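**Student:** See query18.txt below, with compact mmCIF, C-alpha atoms and all ligand atoms.
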# COMPACT_ATOMS: atom_id res chain seq x y z
CA VAL A 1 106.41 -180.82 -7.99
CA ASP A 2 110.11 -180.13 -7.91
CA VAL A 3 110.93 -180.53 -11.58
CA VAL A 4 114.66 -180.35 -11.04
CA MET A 5 114.61 -183.10 -8.46
CA THR A 6 112.44 -185.44 -10.52
CA ALA A 7 114.75 -185.21 -13.53
CA GLU A 8 116.67 -188.48 -13.45
CA LYS A 9 120.33 -187.88 -12.82
CA VAL A 10 122.83 -190.59 -13.53
CA GLU A 11 125.88 -190.62 -11.31
CA ARG A 12 128.57 -190.86 -13.95
CA ARG A 13 132.08 -191.85 -13.04
CA LEU A 14 135.16 -191.16 -15.13
CA ILE A 15 138.19 -193.41 -15.24
CA ALA A 16 141.25 -191.88 -16.88
CA VAL A 17 143.67 -194.11 -18.75
CA GLY A 18 147.01 -192.37 -19.02
CA SER A 19 150.61 -192.93 -19.98
CA GLY A 20 153.69 -190.79 -19.94
CA LYS A 21 154.27 -191.23 -23.66
CA GLY A 22 152.51 -192.42 -26.78
CA GLY A 23 152.63 -195.81 -28.41
CA VAL A 24 152.57 -197.87 -25.22
CA GLY A 25 149.05 -199.21 -25.81
CA LYS A 26 146.92 -196.74 -23.85
CA SER A 27 144.18 -196.63 -26.50
CA THR A 28 144.24 -200.40 -27.01
CA LEU A 29 143.84 -200.92 -23.27
CA SER A 30 141.04 -198.31 -23.07
CA THR A 31 138.99 -200.01 -25.80
CA ASN A 32 139.40 -203.53 -24.50
CA LEU A 33 138.83 -202.50 -20.92
CA ALA A 34 135.60 -200.73 -21.93
CA ILE A 35 134.40 -203.90 -23.64
CA ALA A 36 135.43 -206.10 -20.71
CA LEU A 37 133.71 -203.79 -18.19
CA LYS A 38 130.58 -203.86 -20.33
CA ALA A 39 130.71 -207.66 -20.27
CA LEU A 40 130.68 -207.37 -16.47
CA GLY A 41 127.37 -205.52 -16.70
CA HIS A 42 128.40 -201.87 -16.58
CA LYS A 43 127.03 -199.20 -18.90
CA VAL A 44 130.27 -197.94 -20.41
CA GLY A 45 131.10 -195.04 -22.71
CA MET A 46 134.36 -193.87 -24.22
CA VAL A 47 135.83 -190.40 -24.45
CA ASP A 48 138.78 -190.29 -26.79
CA ALA A 49 140.60 -187.42 -25.14
CA ASP A 50 143.66 -188.06 -27.27
CA ILE A 51 142.56 -185.10 -29.37
CA TYR A 52 145.78 -184.80 -31.37
CA GLY A 53 145.93 -188.49 -32.27
CA PRO A 54 142.43 -189.97 -31.97
CA SER A 55 142.24 -193.72 -32.50
CA GLN A 56 138.97 -194.83 -30.86
CA PRO A 57 136.82 -194.47 -34.01
CA ARG A 58 139.03 -197.06 -35.67
CA LEU A 59 139.40 -199.30 -32.62
CA LEU A 60 135.62 -199.34 -32.09
CA ASN A 61 135.00 -199.70 -35.81
CA CYS A 62 132.91 -196.56 -36.25
CA GLU A 63 135.14 -194.36 -38.38
CA GLY A 64 133.56 -191.75 -40.61
CA ARG A 65 130.38 -191.31 -38.55
CA LYS A 66 129.53 -187.82 -37.43
CA PRO A 67 127.97 -187.37 -33.99
CA GLU A 68 124.55 -185.75 -33.97
CA ALA A 69 123.74 -182.98 -31.53
CA GLU A 70 120.90 -182.26 -29.15
CA GLY A 71 120.89 -178.56 -28.41
CA LYS A 72 124.49 -177.71 -27.65
CA GLN A 73 125.39 -181.25 -26.62
CA LEU A 74 126.94 -183.87 -28.85
CA ILE A 75 125.34 -187.30 -28.96
CA PRO A 76 127.92 -190.10 -28.69
CA VAL A 77 128.46 -192.26 -31.74
CA PRO A 78 126.99 -195.77 -31.50
CA ASN A 79 128.85 -198.87 -32.64
CA GLU A 80 128.52 -202.64 -32.81
CA TYR A 81 130.23 -203.04 -29.42
CA ASP A 82 127.60 -200.86 -27.73
CA ILE A 83 130.29 -198.57 -26.32
CA PRO A 84 129.05 -195.05 -27.24
CA VAL A 85 132.09 -192.97 -28.11
CA LEU A 86 133.06 -189.38 -28.77
CA SER A 87 136.36 -188.56 -30.38
CA MET A 88 137.95 -185.70 -32.26
CA GLY A 89 138.34 -188.31 -34.96
CA HIS A 90 134.58 -188.03 -35.48
CA LEU A 91 134.74 -184.26 -35.83
CA ALA A 92 137.88 -183.81 -37.93
CA LYS A 93 138.16 -184.91 -41.53
CA PRO A 94 140.01 -188.22 -41.99
CA GLY A 95 143.74 -187.64 -42.05
CA GLN A 96 143.33 -184.00 -41.06
CA ALA A 97 146.10 -182.85 -38.75
CA ILE A 98 144.77 -181.33 -35.54
CA ALA A 99 147.12 -178.49 -34.72
CA TRP A 100 145.48 -176.46 -32.01
CA ARG A 101 146.83 -174.58 -29.11
CA GLY A 102 146.02 -175.63 -25.56
CA PRO A 103 142.86 -173.56 -24.93
CA MET A 104 141.16 -174.77 -28.12
CA ALA A 105 142.11 -178.35 -27.45
CA GLY A 106 140.76 -177.96 -23.94
CA LYS A 107 137.44 -176.62 -25.29
CA ALA A 108 137.13 -179.51 -27.72
CA LEU A 109 137.70 -181.93 -24.90
CA GLU A 110 134.99 -180.26 -22.80
CA GLN A 111 132.54 -180.85 -25.66
CA LEU A 112 133.38 -184.52 -25.73
CA ILE A 113 132.92 -184.95 -21.99
CA ASP A 114 129.90 -182.65 -21.44
CA ALA A 115 127.93 -184.57 -24.02
CA HIS A 116 124.58 -186.31 -24.01
CA TRP A 117 125.80 -189.49 -22.31
CA GLY A 118 122.32 -190.67 -21.31
CA ASP A 119 122.40 -193.61 -18.90
CA THR A 120 126.13 -194.28 -19.30
CA GLU A 121 127.53 -194.89 -15.80
CA LEU A 122 131.20 -195.33 -16.49
CA LEU A 123 133.20 -193.18 -18.88
CA ILE A 124 136.61 -194.42 -19.89
CA VAL A 125 138.77 -191.45 -20.81
CA ASP A 126 141.59 -192.32 -23.18
CA MET A 127 143.91 -189.48 -22.18
CA PRO A 128 146.39 -187.73 -24.46
CA PRO A 129 149.93 -188.97 -23.80
CA GLY A 130 152.19 -186.76 -21.75
CA THR A 131 151.65 -184.32 -18.97
CA GLY A 132 150.46 -181.02 -20.42
CA ASP A 133 147.88 -178.35 -19.59
CA VAL A 134 145.05 -180.05 -21.46
CA GLN A 135 145.39 -183.13 -19.28
CA LEU A 136 145.66 -181.17 -16.07
CA SER A 137 142.66 -178.89 -16.68
CA MET A 138 140.49 -181.81 -17.83
CA MET A 139 141.20 -183.61 -14.59
CA GLN A 140 140.65 -180.56 -12.46
CA ASN A 141 137.31 -179.85 -14.17
CA HIS A 142 135.96 -183.38 -14.24
CA LYS A 143 137.62 -185.19 -11.33
CA PRO A 144 137.92 -188.77 -12.58
CA VAL A 145 137.39 -191.27 -9.75
CA GLY A 146 140.73 -192.78 -10.58
CA ALA A 147 143.50 -193.22 -13.11
CA LEU A 148 145.06 -196.27 -14.67
CA ILE A 149 148.65 -195.91 -15.82
CA VAL A 150 149.93 -197.91 -18.78
CA SER A 151 153.60 -198.55 -19.35
CA THR A 152 155.81 -200.92 -21.26
CA PRO A 153 158.40 -202.72 -19.14
CA GLN A 154 161.11 -200.57 -20.68
CA ASP A 155 163.00 -198.23 -18.36
CA LEU A 156 162.42 -195.15 -20.48
CA ALA A 157 158.68 -195.68 -20.76
CA LEU A 158 158.62 -196.26 -17.02
CA MET A 159 160.30 -192.97 -16.30
CA ASP A 160 157.56 -191.36 -18.37
CA ALA A 161 154.96 -193.34 -16.44
CA VAL A 162 156.34 -191.90 -13.21
CA ARG A 163 155.75 -188.43 -14.66
CA ALA A 164 152.17 -189.39 -15.54
CA VAL A 165 151.64 -190.56 -11.97
CA ASP A 166 152.95 -187.23 -10.76
CA LEU A 167 150.44 -185.40 -12.98
CA PHE A 168 147.48 -187.34 -11.57
CA GLU A 169 148.71 -186.76 -8.06
CA GLN A 170 148.98 -183.03 -8.73
CA ALA A 171 145.35 -183.07 -9.81
CA GLN A 172 144.53 -185.17 -6.71
CA ILE A 173 143.19 -188.05 -8.78
CA PRO A 174 143.70 -191.40 -7.03
CA ILE A 175 145.85 -193.86 -8.96
CA ILE A 176 144.00 -197.14 -9.45
CA GLY A 177 147.13 -198.94 -10.51
CA MET A 178 149.62 -199.77 -13.21
CA VAL A 179 149.18 -202.01 -16.26
CA GLU A 180 152.23 -203.44 -17.99
CA ASN A 181 151.69 -203.72 -21.73
CA MET A 182 153.85 -205.43 -24.35
CA ALA A 183 155.33 -207.74 -21.75
CA GLY A 184 156.74 -211.00 -23.08
CA TYR A 185 156.68 -211.67 -26.82
CA ILE A 186 155.54 -215.06 -27.99
CA CYS A 187 157.28 -215.89 -31.28
CA PRO A 188 154.55 -216.96 -33.73
CA HIS A 189 157.05 -219.33 -35.40
CA CYS A 190 158.80 -221.19 -32.62
CA GLY A 191 156.70 -220.26 -29.57
CA GLU A 192 159.71 -219.04 -27.64
CA VAL A 193 158.96 -216.23 -25.20
CA SER A 194 161.30 -213.25 -25.31
CA ASP A 195 161.16 -209.83 -23.70
CA PRO A 196 161.89 -207.11 -26.29
CA PHE A 197 161.08 -204.36 -23.79
CA GLY A 198 162.43 -206.09 -20.70
CA ALA A 199 160.25 -207.83 -18.13
CA GLY A 200 158.61 -207.05 -14.83
CA GLY A 201 159.70 -203.41 -14.89
CA ALA A 202 156.23 -201.97 -14.49
CA GLU A 203 155.36 -204.32 -11.65
CA ALA A 204 158.56 -203.42 -9.83
CA ALA A 205 157.93 -199.71 -10.42
CA ALA A 206 154.35 -200.02 -9.18
CA LYS A 207 155.63 -201.64 -6.02
CA THR A 208 158.24 -198.93 -5.51
CA MET A 209 155.60 -196.25 -5.94
CA GLY A 210 153.23 -198.06 -3.59
CA MET A 211 150.48 -198.59 -6.16
CA ALA A 212 148.53 -201.64 -7.23
CA PHE A 213 149.74 -203.72 -10.13
CA MET A 214 146.69 -204.42 -12.28
CA GLY A 215 148.17 -206.97 -14.66
CA ARG A 216 150.18 -207.45 -17.80
CA VAL A 217 149.24 -207.78 -21.44
CA PRO A 218 151.65 -209.73 -23.66
CA LEU A 219 153.11 -208.32 -26.85
CA ASP A 220 151.10 -210.31 -29.34
CA ILE A 221 150.79 -209.66 -33.04
CA GLU A 222 147.15 -210.80 -32.89
CA ILE A 223 146.37 -207.93 -30.51
CA ARG A 224 147.71 -205.44 -33.02
CA LYS A 225 146.02 -207.05 -35.99
CA SER A 226 142.58 -207.41 -34.42
CA SER A 227 142.72 -203.98 -32.75
CA ASP A 228 143.75 -202.13 -35.88
CA GLY A 229 141.12 -204.12 -37.78
CA GLY A 230 138.35 -202.80 -35.53
CA THR A 231 137.67 -206.11 -33.79
CA PRO A 232 138.97 -205.66 -30.22
CA PRO A 233 140.32 -208.94 -28.82
CA ALA A 234 138.29 -208.57 -25.60
CA TYR A 235 135.08 -208.81 -27.63
CA SER A 236 135.81 -212.08 -29.34
CA GLU A 237 136.60 -213.92 -26.09
CA SER A 238 139.88 -214.87 -27.75
CA LEU A 239 142.94 -215.98 -25.84
CA GLN A 240 144.32 -212.49 -26.47
CA GLY A 241 141.32 -210.93 -24.78
CA LYS A 242 141.79 -212.74 -21.49
CA ALA A 243 144.41 -210.35 -20.11
CA PHE A 244 141.97 -207.42 -20.57
CA HIS A 245 139.10 -209.28 -18.88
CA ASP A 246 141.37 -210.07 -15.94
CA ILE A 247 142.30 -206.40 -15.59
CA ALA A 248 138.62 -205.36 -15.80
CA LYS A 249 137.69 -207.83 -13.05
CA ARG A 250 140.44 -206.46 -10.83
CA LEU A 251 139.26 -202.93 -11.60
CA ALA A 252 135.62 -203.70 -10.83
CA ALA A 253 136.47 -205.53 -7.60
P1 LIG B 301 148.91 -195.37 -27.36
O1 LIG B 301 147.44 -195.13 -27.18
O2 LIG B 301 149.64 -195.50 -26.07
O3 LIG B 301 149.55 -194.40 -28.30
P2 LIG B 301 148.11 -197.66 -28.97
O4 LIG B 301 147.09 -198.33 -28.14
O5 LIG B 301 147.63 -196.82 -30.11
O6 LIG B 301 149.09 -196.81 -28.05
O7 LIG B 301 149.11 -198.78 -29.47
C1 LIG B 301 150.16 -198.49 -30.38
C2 LIG B 301 150.30 -199.65 -31.37
O8 LIG B 301 150.73 -200.82 -30.67
C3 LIG B 301 148.98 -200.04 -32.06
O9 LIG B 301 149.25 -200.41 -33.38
C4 LIG B 301 148.51 -201.25 -31.26
O10 LIG B 301 147.71 -202.14 -32.03
C5 LIG B 301 149.81 -201.88 -30.84
N1 LIG B 301 149.71 -202.61 -29.57
C6 LIG B 301 149.28 -202.13 -28.38
N2 LIG B 301 149.36 -203.08 -27.42
C7 LIG B 301 149.83 -204.20 -28.02
C8 LIG B 301 150.14 -205.55 -27.59
N3 LIG B 301 149.98 -205.91 -26.32
N4 LIG B 301 150.60 -206.42 -28.52
C9 LIG B 301 150.77 -206.04 -29.80
N5 LIG B 301 150.52 -204.82 -30.28
C10 LIG B 301 150.06 -203.90 -29.40
Before we go any further, please render this structure as structure tokens.
**Tutor:**
Amino acid sequence: VDVVMTAEKVERRLIAVGSGKGGVGKSTLSTNLAIALKALGHKVGMVDADIYGPSQPRLLNCEGRKPEAEGKQLIPVPNEYDIPVLSMGHLAKPGQAIAWRGPMAGKALEQLIDAHWGDTELLIVDMPPGTGDVQLSMMQNHKPVGALIVSTPQDLALMDAVRAVDLFEQAQIPIIGMVENMAGYICPHCGEVSDPFGAGGAEAAAKTMGMAFMGRVPLDIEIRKSSDGGTPPAYSESLQGKAFHDIAKRLAA
């Protein structure tokens, strides 16, 4: 009997979620997309590759839990959303600054990806912002099947998004499309819609760059509150979650 061949091997696909700069909602999108893809029947896991500023333990409400290990491999941390996750946030002490140089950060990231992912089919990789060595080597080593780019409608964020696109192209990772986050602010008092970061910029940029536009997520205080509170809006089937479910459906199509 060929032991190697009988060992069950899950074909695991990685989807990278990237942005040119921080604070545009890359982690928020990653979490909610993971939950929405799970709702569509996929076995989804999360790698928080944002090793310098990990936020998935909080977003998936599993802060303070240490991953166990099997041999040399880490076992992803379970949570109430059934999205197993590995993050530097689970390995560092709370509030501890992670100040490593590139090679060490790269090694840490390898540990998170080459973990005991079991039957997880789809790994969402919440990438570090920017376009450095860590990002490039991760993509060259693990070849995500595609990358989603997040941007705000603002010109400056868009210019950064263009750089992120360039990085994925250098690594020959296909771009799945662009998501516009923080588009259109609904005033909680008067209901008027305003556009603090401009409007339609990401869609126009996607068109110019010849990539798919995957959808927009409004700037909504409820998204911030529920996300930071560890209850992702996509889980509660709230109005705020709808935008993420729509993006997941487009992604899965
Ligand atoms: P990044 O991963 O790009 O650094 P985050 O996902 O951490 O960005 O988002 C930064 C902050 O903005 C968080 O406090 C988050 O809750 C908030 N945020 C993200 N998207 C939205 C949105 N659509 N509406 C309101 N707040 C948002």
**Student:** Residues within 7 Å of ligand LIG 301 (chain B) (all atoms listed in the file), as a ChimeraX atom specification?
**Tutor:** /A:19,21-29,55,129,181-182,217-225,227-228
**Student:** Considering only C-alpha atoms, state which residue in the set A:Met127, A:Met138, A:Ala157, A:Val179 is at the smallest distance from Lys107 in chain A.
**Tutor:**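 Checking each of A:Met127, A:Met138, A:Ala157, A:Val179 against Lys107 in chain A, counting only C-alpha atoms, the winner is A:Met138.
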**Student:** Would you mind reading off the distance between CA of Lys249 in chain A and CA of Ala34 in chain A, one decimal, in Å?
**Tutor:** 11.6 Å
**Student:** Using all atoms listed in the file, pick whichever of A:Thr31, A:Thr131, A:Gln73, A:Asn79 has the shortest atom-to-atom distance to Glu110 in chain A.
**Tutor:**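 Looking only at the distances to Glu110 in chain A, the closest residue turns out to be A:Gln73.
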**Student:** Write out as a PyMOL selection string each polymer residue whose atoms come within 12 Å of His116 in chain A, counting all atoms listed in the file; drop sequence neighbours fewer than 3 positions from it.
**Tutor:** chain A and resi 10+12+45+47+67-77+84-86+111-113+119-120
